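One structure is given below, encoded as structure tokens.
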Amino acid sequence: MKLSLGFSPCPNDTFIFDALIHHKIDTEGLTFEVFFDDVETLNQKALRAELDITKLSFHAFAYVAEKYALLDAGSALGFGVGPMLISREPYDDAAVGRFKTPGNGLKIGIPGKLTTANFLLGVAFPELKNKEELIFSDIENALLENRIDLGLIIHENRFTYQDKGLHKVIDLGDYWEQLTGCAIPLGGIVVNRNLEHSIQLKVNRLLRQSVEYAFAHPKSSLDFIRQHAQEMDEAVMYKHIDLYVNKYSVNLGSEGRKAIDTLFTMAEERSIIPAQPKNLYV
């Protein structure tokens with residue numbers, strides 16, 4: 001049985017999926033047609049229910065939870081791994097305080113309306129409304145070229161913005177952790193609810209095995225990761241993986257589910273997302 005599978009070319013995803021799609025584990029008769037896309041493209045594909053299995057942001061999941069169920073394996077949650085708001089020049093506390101002024105006129109480059117990053121920006125600074133959607137890897141250059149005033153960065157750009165002379169305004173992951181005490185839910189892996197439940201469970205089981213294989217053989221996926229890592233050196237690739245792949249990627253567990261449920265409850269209360277189905281999980 002062949003299933004369509006979408007995930008990003010970022011090191012955390014290629015690390016997680018390598019063993020699964022290259023049959024380094026027994027896939028129990030399943031094969032996969034793989035699509036590599038940035039997170040916002042995957043979010044949009046999920047809205048159209050194009051793929052059997054896909055990575056998406058948790059913000060986007062809120063809009064497709066009737067169509068997709070969340071797997072316990074493969075998610076990116078963690079502490080100290082959240083999106084960051086950055087600028088060309090340093091901002092002091094007083095300047096950041098002015099972000100809360102309605103109609104402040106600041107233009108913010110975001111990696112997509114349905115990213116968890118944009119959700120957290122809305123929680124922290126609801127007055128920042130002048131947003132331009134950009135591919136996540138273009139946001140730093142847009143700042144440097146004065147096309148935007150602030151940039152909301154995710155993924156490996158956490159490790160590169162300082163090298164370009166850019167400055168941190170606020171770490172929205174830290175903001176979330178102080179607000180809730182939970183790990184920050186960034187992205188998850190979902191499976192189409194139209195598939196037989198036994199297939200959903202098999203995918204969940206195989207993905208966990210793929211993550212466990214990656215942890216047990218961390219260099220096994222190096223060539224695959226490097227192939228898609230956009231000129232990233234090996235040290236940065238593994239720093240990226242260390243931040244985004246952890247115990248929650250093997251199994252959400254009660255802590256991971258609590259973090260996701262907290263995110264969704266808060267978003268519902270603020271009317272950022274629609275009401276959710278009773279059961280989000282496979």
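Chain labels run A, B, ... following the order of the structure tokens; each chain numbers its residues from 1, and ligands are numbered from 1 in the order shown.
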Pick out each residue of region 46-268 of chain A that DSSP on the backbone tags as alpha helix (DSSP H); I need them as number ranges by chain. A: 46-47, 58-61, 93-97, 116-124, 139-144, 172-180, 197-216, 222-227, 234-244, 247-250, 253-268
List the spatial neighbours of Ile108 (chain A) as a PyMOL selection string - criterion: any atom at most 8 Å away, only C-alpha atoms, same-chain residues fewer than 3 positions off excluded. chain A and resi 128+130-132+148-152
Just the residues within 9 Å of Asn246 (chain A), please, counting only C-alpha atoms, with nothing from its chain fewer than 3 positions along; format it as a list in words. Ser75, Ala76, Leu77, Gly78, Ile241, Asp242, Leu243, Ser249 and Val250 of chain A
Atoms to include: N, CA and C atoms. Write the selected residues as an mmCIF file, in the first residue's frame.
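Below is the file selection_32.cif, written as the result:
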```cif
data_model
loop_
_atom_site.group_PDB
_atom_site.id
_atom_site.type_symbol
_atom_site.label_atom_id
_atom_site.label_comp_id
_atom_site.auth_asym_id
_atom_site.auth_seq_id
_atom_site.Cartn_x
_atom_site.Cartn_y
_atom_site.Cartn_z
ATOM 1 N N SER A 75 6.268 14.586 16.503
ATOM 2 C CA SER A 75 6.011 15.998 16.757
ATOM 3 C C SER A 75 7.269 16.745 17.185
ATOM 4 N N ALA A 76 7.225 18.067 16.970
ATOM 5 C CA ALA A 76 8.293 18.955 17.444
ATOM 6 C C ALA A 76 7.727 19.828 18.555
ATOM 7 N N LEU A 77 8.090 19.495 19.785
ATOM 8 C CA LEU A 77 7.770 20.292 20.956
ATOM 9 C C LEU A 77 9.060 20.442 21.750
ATOM 10 N N GLY A 78 9.129 21.468 22.552
ATOM 11 C CA GLY A 78 10.326 21.582 23.372
ATOM 12 C C GLY A 78 10.398 22.891 24.112
ATOM 13 N N ILE A 241 18.757 19.529 14.992
ATOM 14 C CA ILE A 241 18.111 18.272 15.371
ATOM 15 C C ILE A 241 17.997 18.153 16.890
ATOM 16 N N ASP A 242 19.059 18.494 17.600
ATOM 17 C CA ASP A 242 19.044 18.393 19.061
ATOM 18 C C ASP A 242 17.939 19.257 19.669
ATOM 19 N N LEU A 243 17.653 20.391 19.059
ATOM 20 C CA LEU A 243 16.624 21.273 19.598
ATOM 21 C C LEU A 243 15.214 20.763 19.327
ATOM 22 N N SER A 249 9.127 13.661 20.349
ATOM 23 C CA SER A 249 9.123 13.167 18.976
ATOM 24 C C SER A 249 8.944 11.654 18.934
ATOM 25 N N VAL A 250 9.373 10.981 19.985
ATOM 26 C CA VAL A 250 9.164 9.536 20.092
ATOM 27 C C VAL A 250 7.729 9.251 20.493
#
```
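Among A:Leu143, A:Leu121, A:Val245, A:Leu85, the residue with the shortest atom-to-atom distance to Val169 (chain A), counting only C-alpha atoms, is A:Leu85.
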If you run DSSP on the backbone, which residues of region 160-218 of chain A are strand (DSSP E or B), as number ranges by chain? A: 167-171, 184-192
Emit the selected residues as a PDB file, in the first residue's frame, including N, CA and C atoms.
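Writing the result to part_25.pdb gives the following:
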```pdb
ATOM      1  N   HIS A 167      19.256  41.291  15.239  1.00  0.00           N
ATOM      2  CA  HIS A 167      19.129  41.310  16.698  1.00  0.00           C
ATOM      3  C   HIS A 167      17.828  40.674  17.161  1.00  0.00           C
ATOM      4  N   LYS A 168      17.888  39.979  18.285  1.00  0.00           N
ATOM      5  CA  LYS A 168      16.685  39.396  18.887  1.00  0.00           C
ATOM      6  C   LYS A 168      15.877  40.481  19.577  1.00  0.00           C
ATOM      7  N   VAL A 169      14.580  40.506  19.294  1.00  0.00           N
ATOM      8  CA  VAL A 169      13.648  41.378  20.004  1.00  0.00           C
ATOM      9  C   VAL A 169      13.005  40.606  21.152  1.00  0.00           C
ATOM     10  N   ILE A 170      12.464  39.430  20.846  1.00  0.00           N
ATOM     11  CA  ILE A 170      11.859  38.578  21.873  1.00  0.00           C
ATOM     12  C   ILE A 170      11.851  37.136  21.376  1.00  0.00           C
ATOM     13  N   ASP A 171      12.122  36.220  22.282  1.00  0.00           N
ATOM     14  CA  ASP A 171      11.991  34.793  22.002  1.00  0.00           C
ATOM     15  C   ASP A 171      10.578  34.400  22.405  1.00  0.00           C
ATOM     16  N   ILE A 184       6.639  24.185  24.165  1.00  0.00           N
ATOM     17  CA  ILE A 184       5.960  24.857  23.064  1.00  0.00           C
ATOM     18  C   ILE A 184       5.688  23.863  21.936  1.00  0.00           C
ATOM     19  N   PRO A 185       4.419  23.711  21.526  1.00  0.00           N
ATOM     20  CA  PRO A 185       4.102  22.833  20.393  1.00  0.00           C
ATOM     21  C   PRO A 185       4.320  23.588  19.078  1.00  0.00           C
ATOM     22  N   LEU A 186       5.216  23.099  18.275  1.00  0.00           N
ATOM     23  CA  LEU A 186       5.544  23.763  17.014  1.00  0.00           C
ATOM     24  C   LEU A 186       4.874  23.074  15.832  1.00  0.00           C
ATOM     25  N   GLY A 187       5.211  21.820  15.625  1.00  0.00           N
ATOM     26  CA  GLY A 187       4.633  21.093  14.502  1.00  0.00           C
ATOM     27  C   GLY A 187       4.384  19.643  14.855  1.00  0.00           C
ATOM     28  N   GLY A 188       3.441  19.047  14.163  1.00  0.00           N
ATOM     29  CA  GLY A 188       3.121  17.649  14.399  1.00  0.00           C
ATOM     30  C   GLY A 188       2.946  16.894  13.096  1.00  0.00           C
ATOM     31  N   ILE A 189       2.786  15.591  13.216  1.00  0.00           N
ATOM     32  CA  ILE A 189       2.530  14.726  12.059  1.00  0.00           C
ATOM     33  C   ILE A 189       1.105  14.203  12.181  1.00  0.00           C
ATOM     34  N   VAL A 190       0.331  14.390  11.135  1.00  0.00           N
ATOM     35  CA  VAL A 190      -1.067  13.972  11.158  1.00  0.00           C
ATOM     36  C   VAL A 190      -1.330  12.967  10.044  1.00  0.00           C
ATOM     37  N   VAL A 191      -2.376  12.190  10.248  1.00  0.00           N
ATOM     38  CA  VAL A 191      -2.762  11.166   9.287  1.00  0.00           C
ATOM     39  C   VAL A 191      -4.230  11.364   8.935  1.00  0.00           C
ATOM     40  N   ASN A 192      -4.552  11.144   7.676  1.00  0.00           N
ATOM     41  CA  ASN A 192      -5.913  11.357   7.201  1.00  0.00           C
ATOM     42  C   ASN A 192      -6.884  10.409   7.895  1.00  0.00           C
TER      43      ASN A 192
END
```
Can you pull out the residues contacting Ile21 (chain A)? Cut-off 10 Å, using only C-alpha atoms, and skip same-chain residues under 4 positions away; I want them as a PDB file with all heavy atoms, in the first residue's frame.
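Okay, this is what ended up in part_13.pdb:
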```pdb
ATOM      1  N   LEU A   5       3.094  11.279   1.547  1.00  0.00           N
ATOM      2  CA  LEU A   5       3.711  11.763   2.782  1.00  0.00           C
ATOM      3  C   LEU A   5       4.402  13.092   2.514  1.00  0.00           C
ATOM      4  O   LEU A   5       5.235  13.191   1.608  1.00  0.00           O
ATOM      5  CB  LEU A   5       4.727  10.727   3.283  1.00  0.00           C
ATOM      6  CG  LEU A   5       5.708  11.148   4.381  1.00  0.00           C
ATOM      7  CD1 LEU A   5       4.971  11.508   5.670  1.00  0.00           C
ATOM      8  CD2 LEU A   5       6.723  10.026   4.638  1.00  0.00           C
ATOM      9  N   THR A  14      13.996  15.448   8.150  1.00  0.00           N
ATOM     10  CA  THR A  14      14.724  14.426   7.392  1.00  0.00           C
ATOM     11  C   THR A  14      15.368  13.409   8.335  1.00  0.00           C
ATOM     12  O   THR A  14      15.436  12.218   8.012  1.00  0.00           O
ATOM     13  CB  THR A  14      15.778  15.072   6.477  1.00  0.00           C
ATOM     14  OG1 THR A  14      16.540  16.036   7.208  1.00  0.00           O
ATOM     15  CG2 THR A  14      15.124  15.761   5.299  1.00  0.00           C
ATOM     16  N   ILE A  16      14.042  12.452  11.210  1.00  0.00           N
ATOM     17  CA  ILE A  16      12.940  11.623  11.711  1.00  0.00           C
ATOM     18  C   ILE A  16      12.459  10.620  10.667  1.00  0.00           C
ATOM     19  O   ILE A  16      12.200   9.449  10.982  1.00  0.00           O
ATOM     20  CB  ILE A  16      11.774  12.523  12.164  1.00  0.00           C
ATOM     21  CG1 ILE A  16      12.068  13.122  13.542  1.00  0.00           C
ATOM     22  CG2 ILE A  16      10.445  11.768  12.187  1.00  0.00           C
ATOM     23  CD1 ILE A  16      11.050  14.162  13.982  1.00  0.00           C
ATOM     24  N   PHE A  17      12.354  11.047   9.418  1.00  0.00           N
ATOM     25  CA  PHE A  17      11.707  10.211   8.401  1.00  0.00           C
ATOM     26  C   PHE A  17      12.672   9.337   7.611  1.00  0.00           C
ATOM     27  O   PHE A  17      12.230   8.469   6.854  1.00  0.00           O
ATOM     28  CB  PHE A  17      10.903  11.089   7.439  1.00  0.00           C
ATOM     29  CG  PHE A  17       9.599  11.568   7.990  1.00  0.00           C
ATOM     30  CD1 PHE A  17       9.464  12.868   8.468  1.00  0.00           C
ATOM     31  CD2 PHE A  17       8.500  10.733   8.041  1.00  0.00           C
ATOM     32  CE1 PHE A  17       8.259  13.319   8.985  1.00  0.00           C
ATOM     33  CE2 PHE A  17       7.288  11.161   8.555  1.00  0.00           C
ATOM     34  CZ  PHE A  17       7.165  12.467   9.030  1.00  0.00           C
ATOM     35  N   ILE A  25      13.818   0.362   8.482  1.00  0.00           N
ATOM     36  CA  ILE A  25      12.983  -0.431   9.377  1.00  0.00           C
ATOM     37  C   ILE A  25      11.988  -1.196   8.519  1.00  0.00           C
ATOM     38  O   ILE A  25      11.794  -0.876   7.338  1.00  0.00           O
ATOM     39  CB  ILE A  25      12.228   0.460  10.397  1.00  0.00           C
ATOM     40  CG1 ILE A  25      11.327   1.469   9.651  1.00  0.00           C
ATOM     41  CG2 ILE A  25      13.206   1.186  11.319  1.00  0.00           C
ATOM     42  CD1 ILE A  25      10.377   2.234  10.556  1.00  0.00           C
ATOM     43  N   THR A  27       8.673  -1.714   7.130  1.00  0.00           N
ATOM     44  CA  THR A  27       7.507  -0.848   6.999  1.00  0.00           C
ATOM     45  C   THR A  27       6.202  -1.627   6.832  1.00  0.00           C
ATOM     46  O   THR A  27       5.155  -1.045   6.518  1.00  0.00           O
ATOM     47  CB  THR A  27       7.680   0.123   5.819  1.00  0.00           C
ATOM     48  OG1 THR A  27       7.885  -0.624   4.619  1.00  0.00           O
ATOM     49  CG2 THR A  27       8.865   1.044   6.069  1.00  0.00           C
ATOM     50  N   LEU A  30       3.993  -1.065   3.758  1.00  0.00           N
ATOM     51  CA  LEU A  30       3.695   0.306   3.349  1.00  0.00           C
ATOM     52  C   LEU A  30       4.874   0.913   2.585  1.00  0.00           C
ATOM     53  O   LEU A  30       6.028   0.688   2.925  1.00  0.00           O
ATOM     54  CB  LEU A  30       3.394   1.181   4.571  1.00  0.00           C
ATOM     55  CG  LEU A  30       2.157   0.837   5.396  1.00  0.00           C
ATOM     56  CD1 LEU A  30       1.967   1.866   6.503  1.00  0.00           C
ATOM     57  CD2 LEU A  30       0.900   0.749   4.532  1.00  0.00           C
ATOM     58  N   THR A  31       4.569   1.664   1.542  1.00  0.00           N
ATOM     59  CA  THR A  31       5.572   2.471   0.849  1.00  0.00           C
ATOM     60  C   THR A  31       5.055   3.912   0.828  1.00  0.00           C
ATOM     61  O   THR A  31       3.863   4.166   1.062  1.00  0.00           O
ATOM     62  CB  THR A  31       5.817   1.980  -0.584  1.00  0.00           C
ATOM     63  OG1 THR A  31       4.578   2.021  -1.317  1.00  0.00           O
ATOM     64  CG2 THR A  31       6.367   0.564  -0.583  1.00  0.00           C
ATOM     65  N   PHE A  32       5.949   4.849   0.494  1.00  0.00           N
ATOM     66  CA  PHE A  32       5.586   6.252   0.653  1.00  0.00           C
ATOM     67  C   PHE A  32       6.016   7.074  -0.563  1.00  0.00           C
ATOM     68  O   PHE A  32       7.144   6.952  -1.040  1.00  0.00           O
ATOM     69  CB  PHE A  32       6.236   6.823   1.920  1.00  0.00           C
ATOM     70  CG  PHE A  32       5.842   6.072   3.169  1.00  0.00           C
ATOM     71  CD1 PHE A  32       6.616   5.015   3.633  1.00  0.00           C
ATOM     72  CD2 PHE A  32       4.670   6.397   3.839  1.00  0.00           C
ATOM     73  CE1 PHE A  32       6.241   4.304   4.755  1.00  0.00           C
ATOM     74  CE2 PHE A  32       4.290   5.691   4.956  1.00  0.00           C
ATOM     75  CZ  PHE A  32       5.068   4.642   5.422  1.00  0.00           C
ATOM     76  N   GLU A  33       5.091   7.875  -1.057  1.00  0.00           N
ATOM     77  CA  GLU A  33       5.398   8.879  -2.065  1.00  0.00           C
ATOM     78  C   GLU A  33       5.651  10.184  -1.327  1.00  0.00           C
ATOM     79  O   GLU A  33       4.735  10.732  -0.691  1.00  0.00           O
ATOM     80  CB  GLU A  33       4.240   9.036  -3.048  1.00  0.00           C
ATOM     81  CG  GLU A  33       4.516  10.053  -4.146  1.00  0.00           C
ATOM     82  CD  GLU A  33       3.337  10.221  -5.091  1.00  0.00           C
ATOM     83  OE1 GLU A  33       2.257   9.649  -4.818  1.00  0.00           O
ATOM     84  OE2 GLU A  33       3.506  10.934  -6.106  1.00  0.00           O
ATOM     85  N   VAL A  34       6.883  10.689  -1.389  1.00  0.00           N
ATOM     86  CA  VAL A  34       7.307  11.791  -0.521  1.00  0.00           C
ATOM     87  C   VAL A  34       7.245  13.125  -1.257  1.00  0.00           C
ATOM     88  O   VAL A  34       7.667  13.242  -2.415  1.00  0.00           O
ATOM     89  CB  VAL A  34       8.738  11.539   0.002  1.00  0.00           C
ATOM     90  CG1 VAL A  34       9.206  12.709   0.867  1.00  0.00           C
ATOM     91  CG2 VAL A  34       8.780  10.241   0.800  1.00  0.00           C
ATOM     92  N   LEU A 207       6.336   5.234  12.512  1.00  0.00           N
ATOM     93  CA  LEU A 207       7.028   6.512  12.673  1.00  0.00           C
ATOM     94  C   LEU A 207       7.802   6.538  13.986  1.00  0.00           C
ATOM     95  O   LEU A 207       8.934   7.031  14.040  1.00  0.00           O
ATOM     96  CB  LEU A 207       6.037   7.668  12.611  1.00  0.00           C
ATOM     97  CG  LEU A 207       6.650   9.060  12.681  1.00  0.00           C
ATOM     98  CD1 LEU A 207       7.748   9.252  11.645  1.00  0.00           C
ATOM     99  CD2 LEU A 207       5.571  10.130  12.509  1.00  0.00           C
ATOM    100  N   SER A 210      10.893   4.733  13.400  1.00  0.00           N
ATOM    101  CA  SER A 210      11.821   5.517  12.587  1.00  0.00           C
ATOM    102  C   SER A 210      12.583   6.522  13.446  1.00  0.00           C
ATOM    103  O   SER A 210      13.797   6.706  13.290  1.00  0.00           O
ATOM    104  CB  SER A 210      11.048   6.243  11.477  1.00  0.00           C
ATOM    105  OG  SER A 210      11.919   6.891  10.574  1.00  0.00           O
TER     106      SER A 210
END
```
Extract, using only C-alpha atoms, all DNA, RNA and protein residues at most 9 Å from region 40-57 of chain A, discarding same-chain residues fewer than 6 positions from it, and format them as an MDAnalysis selection string. chainID A and resid 3:8 13 63:64 67:68 74:75 111:117 135:136 185:195 203
If you keep C-alpha atoms, can you produce a file of those selected residues as a PDB file, in the first residue's frame?
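For reference, part_29.pdb as written:
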```
ATOM      1  CA  LEU A   3       0.695   6.486   1.052  1.00  0.00           C
ATOM      2  CA  SER A   4       1.470  10.103   0.206  1.00  0.00           C
ATOM      3  CA  LEU A   5       3.711  11.763   2.782  1.00  0.00           C
ATOM      4  CA  GLY A   6       4.698  15.404   3.138  1.00  0.00           C
ATOM      5  CA  PHE A   7       7.393  16.909   5.341  1.00  0.00           C
ATOM      6  CA  SER A   8       9.868  19.764   5.255  1.00  0.00           C
ATOM      7  CA  ASP A  13      12.192  16.182   9.601  1.00  0.00           C
ATOM      8  CA  TYR A  63      -8.264  24.077  10.922  1.00  0.00           C
ATOM      9  CA  VAL A  64      -8.043  20.482   9.682  1.00  0.00           C
ATOM     10  CA  LYS A  67      -9.941  15.648   8.462  1.00  0.00           C
ATOM     11  CA  TYR A  68      -6.699  14.593  10.173  1.00  0.00           C
ATOM     12  CA  GLY A  74       7.059  12.749  15.119  1.00  0.00           C
ATOM     13  CA  SER A  75       6.011  15.998  16.757  1.00  0.00           C
ATOM     14  CA  PRO A 111       6.559  32.520   7.691  1.00  0.00           C
ATOM     15  CA  GLY A 112       2.821  31.981   7.140  1.00  0.00           C
ATOM     16  CA  LYS A 113      -0.515  32.920   8.660  1.00  0.00           C
ATOM     17  CA  LEU A 114      -1.172  29.392   9.890  1.00  0.00           C
ATOM     18  CA  THR A 115       2.202  28.808  11.523  1.00  0.00           C
ATOM     19  CA  THR A 116       2.397  28.349  15.266  1.00  0.00           C
ATOM     20  CA  ALA A 117       4.917  31.195  15.157  1.00  0.00           C
ATOM     21  CA  ILE A 135       9.154  31.884   2.795  1.00  0.00           C
ATOM     22  CA  PHE A 136      10.835  31.378   6.168  1.00  0.00           C
ATOM     23  CA  PRO A 185       4.102  22.833  20.393  1.00  0.00           C
ATOM     24  CA  LEU A 186       5.544  23.763  17.014  1.00  0.00           C
ATOM     25  CA  GLY A 187       4.633  21.093  14.502  1.00  0.00           C
ATOM     26  CA  GLY A 188       3.121  17.649  14.399  1.00  0.00           C
ATOM     27  CA  ILE A 189       2.530  14.726  12.059  1.00  0.00           C
ATOM     28  CA  VAL A 190      -1.067  13.972  11.158  1.00  0.00           C
ATOM     29  CA  VAL A 191      -2.762  11.166   9.287  1.00  0.00           C
ATOM     30  CA  ASN A 192      -5.913  11.357   7.201  1.00  0.00           C
ATOM     31  CA  ARG A 193      -8.947  10.146   9.159  1.00  0.00           C
ATOM     32  CA  ASN A 194     -10.325   8.516   5.980  1.00  0.00           C
ATOM     33  CA  LEU A 195      -7.657   5.816   6.210  1.00  0.00           C
ATOM     34  CA  VAL A 203       1.755   4.589  10.602  1.00  0.00           C
TER      35      VAL A 203
END
```
Residue with smallest distance to Tyr248 (chain A) - pool A:Lys2, A:Asp72, A:Lys278, A:Phe215, counting only C-alpha atoms: A:Asp72
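Using only C-alpha atoms, the nearest neighbour of Thr160 (chain A) within the list A:Glu127, A:Asp233, A:Glu177, A:Asp37 is A:Asp233.
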